[in-house]
Structures are given as structure tokens and as C-alpha cells.
Amino acid sequence: MANSNTSVQMEASSAKSNAKNAIIIIGALFFIFGFVTWLNSLLIPYLAIACELTTFQSFFVTFAFYIAYVVMAPVSTRTLTIFGFKNGMSVALIVMAFGALLFIPAAITRTYILFLLGLFIMGSGLAILQTASNPYVTIVGPAESAAKRISIMGICNKLAGALAPILIGFFLQLEKADALRAEIANLTESQKIAELNEMASRVIPPYIGIIVVLLALAFWVYKSSLPEVDTEEEDETLTSTNAGKKSVFDFPHVILGVISLFLYVGVEVIAADSIINYGASLGLPLTTAKYFATATMFTMVLGYIIGIFTIPKYIKQDNALRVSAILGVIFSILALATTGYVSVGFIALLGLANALMWPAIWPLALADVGRFTKAASSLLVMGIAGGAIIPLLYGALADNWSVHYAYVILLPCYIFIFYFATSGHKIRKK
């Protein structure tokens, strides 16, 4: 009996160690794709100058990046089926490195479409990575604390997002970009082309660094002891409940979760990626405005920290999502009702409202899907395309109405998310 107890304790200890190692590795992945993702907030105004774009055209940065999640969703599922979760993540990182590589010829030729192609390929790699990593974090521990684990991942992601515009902004020499923006109308055509070419070329060194890090991380994941997760396994109750289910579309709460995630990613991207451009529209220099995105990231980190200590001990995942949606509505209205730095501040505070949405939507949408987990995860990843569509609509409103009042698009998004948190996630097909 003593030997049996010892064996059980050793197995439990080994399982706990494997789970901890998995969290560390996935945390590193969340950091790197957070760094890459939230660089878009700086690329939008930077490429707007370098490639001479309107606000609407500049938001194709987010469109190219996030539309990949729709295009690649079926490929993501297939990739994970062939390679498994661990090796699939290595493949995804290599794909991302190739996308970053395209920034070199794009910068040399100052060709916007090449930048967009590079962003699309990086988004494609992230689609695979997200399809694997998010359910991995959900499944690797108790379901009731999934939002807490995803919150830890969110901190890794958003700290990277806070660091990205500051670090890359140093390499891009934003003070020169500000000076060029101020004097560009006074330059001759040949002077303007020379200055813009030089400005575009400053993108190359940081992206070479990104390529190196992505490849190194791919090798680390490949060589790691990251355990494989069986998402096909169901307990007897769940097997009985899902006996008549033929596809993921037999789960209404999953579909509503996809819509909620679509809207959530859209408002998150607007809050993070438009705020630098919003500051610049107020006449503020890019050297100052670059910190606004960092402020949004820090408020998100604050929200994640709150989630770690309160979910599920003090507040359930669905209640956290309700509170977050209400805060989103309040901060959006206040941003629209105020001007200047105060309005910018409320856009930054949307990070706090958005923080717990991703950690809550995933487990609520994946609840009770059993063997359909990979397919459901693939659909949820498609929902990330909200970051392509909704910011583009914001950009169109900004060009045709006002950069400020275009934020009205946030309100219906938060209202639907509140519906999902209140009743949508409970809907089941009989």
C-alpha cells in the first residue's frame, strides 16, 4: 500500500511538473505573438507616412494581419491533426518568420502590398499558433480555473504589447518621422522620395531580430518536453450528451462565442491599434503618441492581474465577462463625450474592460464540446478576424466622419458581448 501511494504521488508530481513546464513554454509563445501583434499600433501611423496612405488605407495593416485567421482556420485544424499540438506550434513559428522576412524587400522597395503580404503570412502562422495554444491552456488544468491560466498568458501577451511600440519605436527613430511629417509638404518630389525610402528602410533591422527570435523559439518548442493533449477524450456523461451531435455547428453556444470573440477582437484592436493614430490626429508627435498604446496594454495587464486573483474564487467567468462588457460601454461613451487627453485616456482604459473578455469567452464557448474541441477552437480562431473587419470600418468612419466619433462603433460590440455573457453561453441544442 505504501508503494502504491508513493507511485500515485510521483505520478501526480510528474503531471504537475509537466503542466508547469507547459505553462512556461506557452507563456513564451504568448509573449512573442503579443510582441508581433501589437506592433501594428505603431506600423499603422508609421506606414501611413512612409507609404503615403489615408487612414482607411493604413488600417489594411490590421485587415491583412487578422483576415488570415479566417483563411487559415481550416488549415490550422489540418496542421494540428498532422503534426500534433507541439510540432504544429513549431511549424507556425517558422511560417511567422517567413512573413517577417518579407518586410525586408517591402522596406527596400517601399511597397505597401508587400508589407501587407508579410503581415498576412505572419497572421497565418499566428492562426495555427492560436488554434493550438489557447485550447492547450484551457485543457491543461482544471476547467474552472481556465480563465485564470489564460489571464497569465494575457499578461505575457500584453507586457510584450506594451514593450513593442517603445522598443521598435527606438529603432524606427520616430523623432525623424515626426520631423518628416511636419515638413513633407515643403520637399521637392525627389527629396520626398529619398526621405520616405530612408524612413521605410528603418523597419529592416528590428524585423531581422524578430526573425531570429521566432526561429529560436521554434527550435526550443520542437526540442521541449511539451506534452501532447488528447482533445478527443470525453467522460461518460459528456459522451452521452454529445451522442447525437454530428458537428460543431450543433453547439449554439459555440457559434455565439465565435461572434462574441469576433466583436471582442475588433474592439480590442481598435483600442490598442488606433490610439497612436488618434493621438497623432490631435497634433501630438509620434514620439509622445507611441506611449498611448503602452498605456492600453498596461490597463489590460491590470485587468489580467485582477482576473488571476478573483477568478474563480470571487467571481465566475461569465460574471467577469458581464462586468467587462458594462465597463466597455461606459468607457466608450465617456471617450465619445470628452476630447483631447481625457478622451485618449478613456480609450486606453478600454484595455481594462477588454482584459478578461478573451480569458472568459474561450472556456465558456468550449464548454461541453468534448471531441469537437479542435473544430470549435478553429471556429473561435476564425472569430479573431474581427480584428480585420471592425478596425477597417472604424478607419472608413474616421475618414468620412471623424477620428474621434468613429469610436461609436464600439458600443454595439460591447452590448452583444454582454448578451453572450448573460444568456448566450447557456444555450444548448436539445
# chains A, B, ... in the order shown; residues from 1 in each chain; ligands from 1
>>> residues_around(residues="A:Thr109", least_positions_apart="4", cutoff="9 Å", atoms="only C-alpha atoms", output="PDB file with N, CA and C atoms, in the first residue's frame")
ATOM      1  N   ILE A 104      11.680  42.816 -45.404  1.00  0.00           N
ATOM      2  CA  ILE A 104      12.948  43.328 -45.946  1.00  0.00           C
ATOM      3  C   ILE A 104      12.774  43.837 -47.373  1.00  0.00           C
ATOM      4  N   PRO A 105      12.271  42.997 -48.327  1.00  0.00           N
ATOM      5  CA  PRO A 105      12.053  43.557 -49.672  1.00  0.00           C
ATOM      6  C   PRO A 105      10.960  44.627 -49.687  1.00  0.00           C
ATOM      7  N   LEU A 114       3.527  44.505 -50.301  1.00  0.00           N
ATOM      8  CA  LEU A 114       4.458  43.509 -49.760  1.00  0.00           C
ATOM      9  C   LEU A 114       4.427  43.507 -48.230  1.00  0.00           C
ATOM     10  N   ASN A 197      12.016  56.706 -48.577  1.00  0.00           N
ATOM     11  CA  ASN A 197      12.761  55.457 -48.750  1.00  0.00           C
ATOM     12  C   ASN A 197      13.635  55.169 -47.523  1.00  0.00           C
ATOM     13  N   ALA A 200      11.380  54.065 -44.637  1.00  0.00           N
ATOM     14  CA  ALA A 200      10.932  52.677 -44.778  1.00  0.00           C
ATOM     15  C   ALA A 200      12.036  51.693 -44.440  1.00  0.00           C
ATOM     16  N   SER A 201      13.282  52.017 -44.787  1.00  0.00           N
ATOM     17  CA  SER A 201      14.405  51.098 -44.566  1.00  0.00           C
ATOM     18  C   SER A 201      14.686  50.864 -43.087  1.00  0.00           C
TER      19      SER A 201
END
>>> closest_residue(among="A:Ala127, A:Leu53, A:Val344, A:Leu286", to="A:Thr37", atoms="only C-alpha atoms")
A:Ala127
>>> residues_around(residues="stretch 302-305 of chain A", least_positions_apart="2", cutoff="12 Å", atoms="only C-alpha atoms", output="PyMOL selection string")
chain A and resi 147-159+295-300+307-311+320-321+323-324+327+348-360
>>> write_last_selection(atoms="C-alpha atoms", output="compact mmCIF listing (two decimals), in the first residue's frame")
# COMPACT_ATOMS: atom_id res chain seq x y z
CA ALA A 147 -9.74 31.92 -17.20
CA LYS A 148 -7.03 32.36 -14.55
CA ARG A 149 -4.46 30.48 -16.67
CA ILE A 150 -5.44 32.39 -19.80
CA SER A 151 -5.12 35.62 -17.77
CA ILE A 152 -1.50 34.68 -17.00
CA MET A 153 -0.96 34.17 -20.74
CA GLY A 154 -2.63 37.53 -21.33
CA ILE A 155 -0.12 39.25 -19.07
CA CYS A 156 2.72 37.76 -21.11
CA ASN A 157 0.96 38.90 -24.29
CA LYS A 158 0.18 42.44 -23.18
CA LEU A 159 3.53 43.12 -21.50
CA ALA A 295 -0.98 52.65 -21.63
CA THR A 296 -3.71 50.47 -23.18
CA MET A 297 -1.53 47.39 -22.69
CA PHE A 298 -0.84 48.26 -19.06
CA THR A 299 -4.53 48.67 -18.27
CA MET A 300 -5.08 45.25 -19.83
CA GLY A 307 -8.60 38.08 -13.06
CA ILE A 308 -5.82 35.91 -11.67
CA PHE A 309 -6.73 36.76 -8.08
CA THR A 310 -10.51 36.82 -8.43
CA ILE A 311 -11.42 34.03 -10.92
CA ALA A 320 -16.41 38.66 -15.18
CA LEU A 321 -17.44 38.90 -18.83
CA VAL A 323 -18.73 43.35 -15.83
CA SER A 324 -16.16 43.75 -18.61
CA LEU A 327 -17.16 48.78 -18.47
CA ALA A 348 -6.64 53.48 -23.00
CA LEU A 349 -8.95 52.38 -20.17
CA LEU A 350 -10.75 50.13 -22.64
CA GLY A 351 -7.77 47.84 -22.07
CA LEU A 352 -9.12 47.24 -18.55
CA ALA A 353 -12.59 46.49 -19.93
CA ASN A 354 -11.20 44.15 -22.59
CA ALA A 355 -8.72 42.25 -20.43
CA LEU A 356 -10.96 39.48 -19.10
CA MET A 357 -13.03 39.02 -22.25
CA TRP A 358 -10.67 36.69 -24.08
CA PRO A 359 -10.00 34.55 -20.96
CA ALA A 360 -13.74 34.24 -20.31
>>> closest_residue(among="A:Leu101, A:Ala421, A:Ile193, A:Ala280", to="A:Pro205", atoms="only C-alpha atoms")
A:Leu101
>>> closest_atom_pairs(of="stretch 324-414 of chain A", to="stretch 63-75 of chain A", cutoff="6 Å", atoms="only C-alpha atoms", output="CSV")
residue,atom,partner,partner_atom,distance
A:Ser378,CA,A:Ala73,CA,5.4
A:Met382,CA,A:Val70,CA,4.5
A:Ala385,CA,A:Tyr66,CA,4.8
A:Gly387,CA,A:Tyr66,CA,5.4
A:Ala388,CA,A:Phe63,CA,3.7
>>> closest_residue(among="A:Ala28, A:Trp362, A:Phe262, A:Ala367", to="A:Ile390", atoms="only C-alpha atoms")
A:Phe262
>>> closest_residue(among="A:Met122, A:Leu410, A:Ala376, A:Leu282", to="A:Pro391", atoms="only C-alpha atoms")
A:Leu410
>>> residues_around(residues="A:Ser377", least_positions_apart="2", cutoff="10 Å", atoms="only C-alpha atoms", output="list in words")
Ala73, Ser76, Thr77, Gln130, Thr131, Ala132, Ser133, Asn134, Pro135, Val248, Val254, Val258, Trp362, Ala365, Leu366, Phe372, Thr373, Lys374, Ala375, Leu379, Leu380, Val381, Met382 and Gly383 of chain A
>>> atom_distance(atom1="atom CA of A:Ala289", atom2="atom CA of A:Ile306")
26.9 Å
>>> select_by_dssp(residues="stretch 151-327 of chain A", states="helix (DSSP H, G or I)", output="PyMOL selection string")
chain A and resi 151-172+174-186+189-201+204-223+236-241+248-250+252-273+275-281+286-310+317-327
>>> closest_residue(among="A:Gly123, A:Gly424, A:Gly370, A:Gly386", to="A:Ser247", atoms="only C-alpha atoms")
A:Gly370
